[in-house]
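Raw final_2.cif, mmCIF, C-alpha atoms and all ligand atoms:
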```cif
data_start
#
loop_
_atom_site.label_atom_id
_atom_site.label_comp_id
_atom_site.auth_asym_id
_atom_site.auth_seq_id
_atom_site.Cartn_x
_atom_site.Cartn_y
_atom_site.Cartn_z
CA MET M 12 4.79 25.54 -9.99
CA ILE M 13 4.42 24.00 -6.51
CA ASN M 14 6.35 20.79 -5.85
CA LEU M 15 5.60 19.89 -2.25
CA PHE M 16 6.90 17.29 0.17
CA LEU M 17 4.48 16.65 3.06
CA LEU M 18 6.36 15.32 6.06
CA GLY M 19 4.58 13.85 9.07
CA LEU M 20 4.36 10.78 11.27
CA PRO M 21 1.73 8.09 10.59
CA GLY M 22 -1.69 9.62 11.24
CA ALA M 23 -0.45 13.23 11.09
CA GLY M 24 -3.05 13.98 8.40
CA LYS M 25 -0.90 13.92 5.24
CA GLY M 26 -3.56 12.12 3.19
CA THR M 27 -6.36 14.31 4.54
CA VAL M 28 -4.67 17.63 3.77
CA SER M 29 -3.45 16.30 0.39
CA GLU M 30 -7.08 15.94 -0.74
CA GLN M 31 -7.77 19.56 0.18
CA ILE M 32 -4.59 20.73 -1.61
CA VAL M 33 -5.49 18.77 -4.76
CA ASP M 34 -8.97 20.36 -4.80
CA LYS M 35 -7.54 23.88 -4.75
CA TYR M 36 -4.18 23.61 -6.50
CA HIS M 37 -4.68 20.58 -8.82
CA LEU M 38 -1.32 19.11 -7.86
CA THR M 39 -0.68 15.42 -8.55
CA HIS M 40 -0.86 13.47 -5.27
CA ILE M 41 1.90 10.87 -5.00
CA SER M 42 1.57 8.71 -1.90
CA THR M 43 4.09 5.88 -1.64
CA GLY M 44 1.78 4.18 0.90
CA ASP M 45 -1.13 4.24 -1.61
CA MET M 46 1.17 2.98 -4.39
CA PHE M 47 2.32 0.08 -2.23
CA ARG M 48 -1.27 -0.77 -1.20
CA GLU M 49 -2.30 -0.83 -4.87
CA ALA M 50 0.69 -3.04 -5.73
CA MET M 51 -0.22 -5.36 -2.81
CA ALA M 52 -3.84 -5.60 -3.98
CA ASN M 53 -2.63 -6.48 -7.50
CA GLU M 54 -0.08 -8.92 -6.05
CA THR M 55 2.74 -7.52 -8.19
CA LYS M 56 6.39 -8.31 -7.42
CA VAL M 57 6.84 -4.94 -5.68
CA GLY M 58 3.55 -5.44 -3.82
CA LEU M 59 4.53 -8.86 -2.49
CA GLU M 60 7.91 -7.54 -1.37
CA ALA M 61 6.38 -4.42 0.24
CA LYS M 62 3.76 -6.46 2.12
CA SER M 63 6.38 -8.24 4.20
CA TYR M 64 7.56 -4.85 5.54
CA ILE M 65 4.29 -2.91 5.70
CA ASP M 66 2.35 -5.54 7.66
CA LYS M 67 4.98 -5.29 10.42
CA GLY M 68 5.13 -1.49 10.37
CA ASP M 69 8.66 -1.46 8.93
CA LEU M 70 9.92 0.64 6.03
CA VAL M 71 10.16 -0.81 2.54
CA PRO M 72 13.84 -0.73 1.37
CA ASP M 73 15.03 2.65 0.11
CA GLU M 74 16.00 1.52 -3.39
CA VAL M 75 12.60 -0.12 -4.07
CA THR M 76 10.77 3.00 -2.90
CA ALA M 77 13.01 5.47 -4.74
CA ARG M 78 12.64 3.54 -8.01
CA LEU M 79 8.85 3.63 -7.69
CA VAL M 80 8.87 7.38 -7.05
CA GLU M 81 11.19 8.12 -9.98
CA GLU M 82 8.90 6.18 -12.32
CA ARG M 83 5.86 8.05 -11.01
CA LEU M 84 7.46 11.50 -11.15
CA ASN M 85 8.44 10.82 -14.75
CA GLN M 86 4.81 10.40 -15.88
CA PRO M 87 3.39 13.07 -18.22
CA ASP M 88 0.24 13.74 -16.12
CA ILE M 89 2.18 15.94 -13.66
CA LYS M 90 1.38 19.35 -15.11
CA GLU M 91 0.62 21.69 -12.20
CA GLY M 92 3.17 20.29 -9.76
CA TYR M 93 3.13 17.44 -7.26
CA ILE M 94 2.65 16.50 -3.61
CA LEU M 95 4.96 13.82 -2.26
CA ASP M 96 3.13 12.20 0.68
CA GLY M 97 5.26 9.79 2.71
CA PHE M 98 8.45 10.05 0.64
CA PRO M 99 11.26 10.63 1.53
CA ARG M 100 11.24 8.86 4.89
CA THR M 101 15.01 8.45 5.39
CA ILE M 102 18.04 10.60 4.63
CA VAL M 103 19.07 8.07 1.96
CA GLN M 104 15.67 8.64 0.30
CA ALA M 105 16.02 12.43 0.65
CA GLU M 106 19.37 12.27 -1.13
CA ALA M 107 17.94 9.96 -3.78
CA LEU M 108 15.08 12.43 -4.31
CA GLU M 109 17.55 15.23 -4.95
CA GLY M 110 19.08 13.15 -7.76
CA ILE M 111 15.66 12.21 -9.16
CA THR M 112 14.31 15.78 -9.19
CA LYS M 113 17.53 17.02 -10.83
CA ARG M 114 17.35 14.34 -13.53
CA LEU M 115 13.69 15.13 -14.22
CA ASN M 116 14.04 18.89 -13.70
CA LYS M 117 11.21 18.92 -11.13
CA PRO M 118 12.83 20.36 -7.98
CA LEU M 119 11.04 20.48 -4.62
CA THR M 120 9.83 24.00 -3.89
CA LYS M 121 8.27 23.55 -0.42
CA VAL M 122 8.36 21.15 2.51
CA ILE M 123 5.63 21.20 5.15
CA SER M 124 5.94 19.19 8.34
CA LEU M 125 2.63 18.41 10.06
CA GLU M 126 3.29 18.22 13.80
CA VAL M 127 1.00 16.06 15.95
CA LYS M 128 1.49 14.59 19.46
CA GLU M 129 1.99 10.84 19.73
CA GLU M 130 -1.18 10.25 21.78
CA THR M 131 -3.25 11.99 19.08
CA LEU M 132 -1.59 9.87 16.36
CA VAL M 133 -2.40 6.62 18.20
CA SER M 134 -6.00 7.67 18.72
CA ARG M 135 -6.44 8.75 15.07
CA LEU M 136 -4.93 5.56 13.64
CA SER M 137 -6.96 3.24 15.84
CA ALA M 138 -10.17 5.07 14.82
CA ARG M 139 -9.39 5.20 11.09
CA PHE M 140 -11.28 3.04 8.60
CA MET M 141 -11.29 2.96 4.82
CA CYS M 142 -13.69 2.33 1.98
CA LYS M 143 -12.83 -1.02 0.40
CA LYS M 144 -13.77 0.13 -3.09
CA CYS M 145 -12.26 3.64 -3.48
CA GLY M 146 -9.90 3.92 -0.50
CA ALA M 147 -11.60 7.01 1.01
CA THR M 148 -10.49 7.56 4.60
CA TYR M 149 -12.87 7.91 7.57
CA ASN M 150 -12.54 8.14 11.32
CA LYS M 151 -14.85 6.76 14.02
CA ILE M 152 -14.30 9.89 16.13
CA THR M 153 -13.83 12.77 13.73
CA LYS M 154 -15.08 11.79 10.28
CA MET M 155 -17.96 9.36 9.89
CA PRO M 156 -19.58 8.99 6.44
CA LYS M 157 -22.41 11.52 5.95
CA VAL M 158 -24.90 8.67 5.44
CA GLU M 159 -24.24 5.87 7.92
CA GLY M 160 -22.67 2.79 6.31
CA SER M 161 -22.28 4.37 2.87
CA CYS M 162 -19.07 5.85 1.42
CA ASP M 163 -19.41 9.60 0.67
CA ARG M 164 -17.24 9.27 -2.43
CA CYS M 165 -18.45 6.08 -4.16
CA GLY M 166 -21.51 4.89 -2.21
CA SER M 167 -19.98 1.51 -1.40
CA HIS M 168 -21.06 -0.19 1.85
CA GLU M 169 -17.84 -2.09 2.54
CA PHE M 170 -15.20 -0.72 4.88
CA TYR M 171 -12.07 -2.14 6.45
CA GLN M 172 -9.28 -1.33 8.89
CA ARG M 173 -5.75 -1.20 7.44
CA GLU M 174 -3.63 -4.13 8.64
CA ASP M 175 -0.96 -1.65 9.78
CA ASP M 176 -3.49 0.35 11.85
CA LYS M 177 -3.92 -2.56 14.27
CA PRO M 178 -2.54 -1.60 17.71
CA GLU M 179 0.40 -4.06 17.73
CA VAL M 180 1.68 -2.69 14.37
CA VAL M 181 1.00 1.00 15.10
CA LYS M 182 3.50 0.97 17.97
CA ASN M 183 6.36 -0.24 15.75
CA ARG M 184 5.33 2.06 12.87
CA LEU M 185 5.51 5.10 15.11
CA GLN M 186 8.89 4.07 16.55
CA VAL M 187 10.39 3.39 13.12
CA ASN M 188 9.17 6.70 11.70
CA GLU M 189 9.97 8.81 14.78
CA LYS M 190 13.65 7.89 14.45
CA MET M 191 13.85 9.50 11.00
CA ASN M 192 11.55 12.48 11.56
CA THR M 193 14.03 14.89 13.22
CA PRO M 194 16.94 14.16 10.83
CA LEU M 195 14.57 14.78 7.90
CA LYS M 196 13.35 18.05 9.38
CA ASP M 197 16.97 19.14 9.94
CA TYR M 198 17.80 18.22 6.34
CA TYR M 199 15.04 20.44 4.92
CA GLN M 200 15.56 23.18 7.51
CA LYS M 201 19.16 23.49 6.29
CA ASN M 202 18.16 23.94 2.66
CA GLY M 203 15.54 26.51 3.64
CA LEU M 204 12.45 24.69 2.33
CA LEU M 205 10.82 23.67 5.64
CA THR M 206 7.70 25.15 7.25
CA ILE M 207 6.14 23.60 10.36
CA VAL M 208 2.35 23.44 10.66
CA ASN M 209 0.41 22.47 13.78
CA GLY M 210 -1.50 19.35 12.71
CA GLU M 211 -3.47 19.09 15.98
CA GLN M 212 -6.11 21.52 14.77
CA THR M 213 -9.29 20.71 12.85
CA PRO M 214 -8.71 19.65 9.21
CA GLU M 215 -10.13 23.02 8.08
CA LYS M 216 -7.65 24.98 10.24
CA VAL M 217 -4.75 22.75 9.17
CA PHE M 218 -5.60 23.42 5.53
CA GLU M 219 -5.90 27.17 6.18
CA GLN M 220 -2.28 27.22 7.40
CA VAL M 221 -1.03 24.96 4.61
CA ASP M 222 -2.81 27.18 2.09
CA THR M 223 -1.03 30.25 3.50
CA VAL M 224 2.34 28.51 3.01
CA LEU M 225 1.49 27.36 -0.52
CA SER M 226 0.13 30.70 -1.69
CA LYS M 227 3.23 32.59 -0.52
CA LYS M 228 5.40 33.60 -3.48
CA GLU M 229 9.12 32.93 -2.99
P1 LIG M 301 1.53 5.40 4.41
O1 LIG M 301 0.28 4.93 3.81
O2 LIG M 301 2.24 6.58 3.82
O3 LIG M 301 1.26 5.58 5.95
P2 LIG M 301 1.76 6.65 7.01
O4 LIG M 301 2.86 7.55 6.67
O5 LIG M 301 1.97 5.78 8.17
O6 LIG M 301 0.63 7.68 7.04
P3 LIG M 301 -0.88 7.40 7.14
O7 LIG M 301 -1.48 7.16 5.80
O8 LIG M 301 -1.14 6.32 8.14
O9 LIG M 301 -1.39 8.72 7.79
P4 LIG M 301 -1.68 10.17 7.20
O10 LIG M 301 -0.66 11.12 7.73
O11 LIG M 301 -1.91 10.16 5.73
O12 LIG M 301 -3.03 10.47 7.97
P5 LIG M 301 -4.55 10.52 7.44
O13 LIG M 301 -4.76 11.78 6.67
O14 LIG M 301 -4.97 9.23 6.85
O15 LIG M 301 2.63 4.22 4.46
C1 LIG M 301 2.26 2.91 4.86
C2 LIG M 301 3.48 2.03 4.90
O16 LIG M 301 4.06 1.96 3.58
C3 LIG M 301 4.65 2.51 5.79
O17 LIG M 301 4.47 2.13 7.14
C4 LIG M 301 5.84 1.80 5.13
O18 LIG M 301 5.88 0.44 5.49
C5 LIG M 301 5.49 1.88 3.65
N1 LIG M 301 6.06 3.10 3.06
C6 LIG M 301 5.38 4.19 2.60
N2 LIG M 301 6.23 5.13 2.16
C7 LIG M 301 7.50 4.63 2.36
C8 LIG M 301 8.78 5.15 2.15
N3 LIG M 301 8.98 6.38 1.64
N4 LIG M 301 9.85 4.36 2.49
C9 LIG M 301 9.69 3.14 3.00
N5 LIG M 301 8.48 2.59 3.24
C10 LIG M 301 7.38 3.34 2.93
O19 LIG M 301 -5.28 10.71 8.85
C11 LIG M 301 -5.29 9.67 9.81
C12 LIG M 301 -6.66 9.64 10.51
O20 LIG M 301 -6.85 10.85 11.25
C13 LIG M 301 -7.85 9.56 9.54
O21 LIG M 301 -8.86 8.77 10.11
C14 LIG M 301 -8.32 11.03 9.40
O22 LIG M 301 -9.71 11.11 9.13
C15 LIG M 301 -7.96 11.61 10.78
N6 LIG M 301 -7.51 13.00 10.71
C16 LIG M 301 -6.63 13.52 9.80
N7 LIG M 301 -6.41 14.83 10.06
C17 LIG M 301 -7.16 15.13 11.16
C18 LIG M 301 -7.35 16.31 11.93
N8 LIG M 301 -6.74 17.46 11.59
N9 LIG M 301 -8.16 16.27 13.01
C19 LIG M 301 -8.77 15.10 13.35
N10 LIG M 301 -8.66 13.94 12.66
C20 LIG M 301 -7.86 13.95 11.58
#
```
Render the structure in this file as structure tokens.
Ligand code: AP5
Amino acid sequence: MINLFLLGLPGAGKGTVSEQIVDKYHLTHISTGDMFREAMANETKVGLEAKSYIDKGDLVPDEVTARLVEERLNQPDIKEGYILDGFPRTIVQAEALEGITKRLNKPLTKVISLEVKEETLVSRLSARFMCKKCGATYNKITKMPKVEGSCDRCGSHEFYQREDDKPEVVKNRLQVNEKMNTPLKDYYQKNGLLTIVNGEQTPEKVFEQVDTVLSKKE
């Protein structure tokens, strides 16, 4: 069973490599960012609360996020293991996750930190665009749809830029997340779960390295 936490700053490629991992290992992808975006689109109570933080590039409060993750991790569809993408993001969340995984008997088995330079992150986020219908992620520089103007996954013709990928928000998002990145790495280094992967490479090379980590028996 692989229960993975993918750590990385905004734009590090967590979502991109998660898709490749799911294809090969059939893990359940749990992205707190995706869950919040869905809640915002449905205008639920959590969604409305999250929006006020996300649109500014701030973090949603720890207790709201941890509750959402516990509910998700408790669902019966998680059979082959899970990928946590974007959670935990603070030490309080990391400690909460320890409690959650103990209660549910689904302990983390690996942590991978994708390391990418700040200038690359800024350039990736400003070039990212998404399919309005299915949420597939593209990039004006590195990943255009195969057929111009048409989503590879669902064929839709409508795309948008995430509100929090606009330049004025990206700056704050990076600052907020950078503060917590080193303490989180230290936390998982100490418990022996952490592996660092160079996220500056092509998506194929990044996945090759991630795959090596995941296929290693403990
Ligand atoms: P979330 O959606 O998790 O955003 P994020 O962490 O900022 O990460 P991103 O989705 O922006 O980037 P990514 O690493 O997945 O990169 P991607 O693969 O798309 O969270 C959004 C917000 O929700 C947060 O700001 C916060 O407010 C709130 N939130 C979420 N979790 C929370 C938590 N735990 N606590 C509190 N609040 C929380 O790639 C980016 C671009 O680069 C794409 O265009 C892609 O095509 C391209 N790309 C990817 N890899 C490569 C590569 N190797 N080479 C070239 N291009 C690449």
Mind giving me the straight-line distance from atom CA of Asn53 of chain M to atom CA of Thr76 of chain M in Å, one decimal?
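If I compute the distance from atom CA of Asn53 of chain M to atom CA of Thr76 of chain M, I get 17.0 Å.
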In Å to one decimal, how far is atom CA of Leu132 of chain M from atom CA of Val187 of chain M?
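One can read the atom CA of Val187 of chain M to atom CA of Leu132 of chain M distance as 14.0 Å.
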From M:Gln104, M:Asn85, M:Asn202, M:Asn192, residue lying nearest ligand LIG 301 (chain M) [only C-alpha atoms and all ligand atoms]:
M:Gln104
List the spatial neighbours of Tyr36 of chain M as a list in words - criterion: any atom at most 9 Å away, only C-alpha atoms, same-chain residues fewer than 6 positions off excluded.
Ile13, Glu91 and Gly92 of chain M
Could you save the residues just selected, with C-alpha atoms, as a PDB file, in the frame of the given file?
```pdb
ATOM      1  CA  ILE M  13       4.420  24.000  -6.510  1.00  0.00           C
ATOM      2  CA  GLU M  91       0.620  21.690 -12.200  1.00  0.00           C
ATOM      3  CA  GLY M  92       3.170  20.290  -9.760  1.00  0.00           C
TER       4      GLY M  92
END
```
Rounded to one decimal, what separation in Å do you get between atom CA of Met141 of chain M and atom CA of Tyr171 of chain M?
5.4 Å
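Comparing M:Asn116, M:Gln172, M:Asp163, M:Ile123 by their smallest distance to Gln200 of chain M, the closest is M:Ile123 (using all atoms listed in the file).
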List all protein, DNA and RNA residues that have an atom no more than 7 Å from any atom of ligand LIG 301 (chain M), counting only C-alpha atoms and all ligand atoms, and report them as a PyMOL selection string.
chain M and resi 19-28+42-45+47+64-65+68-73+76+96-100+135-136+138-140+148-150+153-154+184+210-214+217
Given all atoms listed in the file as the basis, pick out the residue of M:Lys67, M:Lys35, M:Lys216, M:His40 nearest to Val80 of chain M.
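Closest candidate: M:His40.
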Listed atoms of segment 112-127 of chain M boxed along x, y and z, 5 Å each side, centre and edge lengths in Å, one decimal, as lines of an AutoDock Vina configuration file:
```
center_x = 9.3
center_y = 19.2
center_z = 0.9
size_x = 26.5
size_y = 19.7
size_z = 40.2
```
Local residues around (6.1, 3.4, -10.0), at most 10 Å away, using all atoms listed in the file, as a PDB file with C-alpha atoms, in the coordinates of the input:
```pdb
ATOM      1  CA  ILE M  41       1.900  10.870  -5.000  1.00  0.00           C
ATOM      2  CA  THR M  43       4.090   5.880  -1.640  1.00  0.00           C
ATOM      3  CA  MET M  46       1.170   2.980  -4.390  1.00  0.00           C
ATOM      4  CA  PHE M  47       2.320   0.080  -2.230  1.00  0.00           C
ATOM      5  CA  ALA M  50       0.690  -3.040  -5.730  1.00  0.00           C
ATOM      6  CA  VAL M  57       6.840  -4.940  -5.680  1.00  0.00           C
ATOM      7  CA  VAL M  75      12.600  -0.120  -4.070  1.00  0.00           C
ATOM      8  CA  THR M  76      10.770   3.000  -2.900  1.00  0.00           C
ATOM      9  CA  ALA M  77      13.010   5.470  -4.740  1.00  0.00           C
ATOM     10  CA  ARG M  78      12.640   3.540  -8.010  1.00  0.00           C
ATOM     11  CA  LEU M  79       8.850   3.630  -7.690  1.00  0.00           C
ATOM     12  CA  VAL M  80       8.870   7.380  -7.050  1.00  0.00           C
ATOM     13  CA  GLU M  81      11.190   8.120  -9.980  1.00  0.00           C
ATOM     14  CA  GLU M  82       8.900   6.180 -12.320  1.00  0.00           C
ATOM     15  CA  ARG M  83       5.860   8.050 -11.010  1.00  0.00           C
ATOM     16  CA  LEU M  84       7.460  11.500 -11.150  1.00  0.00           C
ATOM     17  CA  ASN M  85       8.440  10.820 -14.750  1.00  0.00           C
ATOM     18  CA  GLN M  86       4.810  10.400 -15.880  1.00  0.00           C
TER      19      GLN M  86
END
```
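Minimum atom-to-atom distance to Lys117 of chain M, evaluated using all atoms listed in the file, belongs to M:Asn14 out of M:Thr223, M:Ser134, M:Asn14, M:Ser63.
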Find the residues near Glu109 of chain M: any atom within 9 Å, counting only C-alpha atoms, skip ones fewer than 4 places away on the same chain, and give them as a PyMOL selection string.
chain M and resi 104-105+113-114+118-119
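Compared by their closest atoms to Leu17 of chain M, and using only C-alpha atoms, the residues M:Asn188, M:Ile111, M:Lys227, M:Val208 rank with M:Val208 nearest.
If only C-alpha atoms are the atoms counted, then among M:Glu74, M:Asn209, M:Glu129, M:Phe170 the closest residue to Ala107 of chain M is M:Glu74.
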Hey, what's within 10 Å of Glu49 of chain M if we count all atoms listed in the file and toss same-chain stuff fewer than 6 positions away? As a ChimeraX atom specification, please?
/M:43,55,58,146
Quick one: residues within 10 Å of Pro178 of chain M, only C-alpha atoms counted, chain neighbours fewer than 2 positions away excluded, as a VMD selection string?
chain M and resid 133 to 134 136 to 137 174 to 176 180 to 184
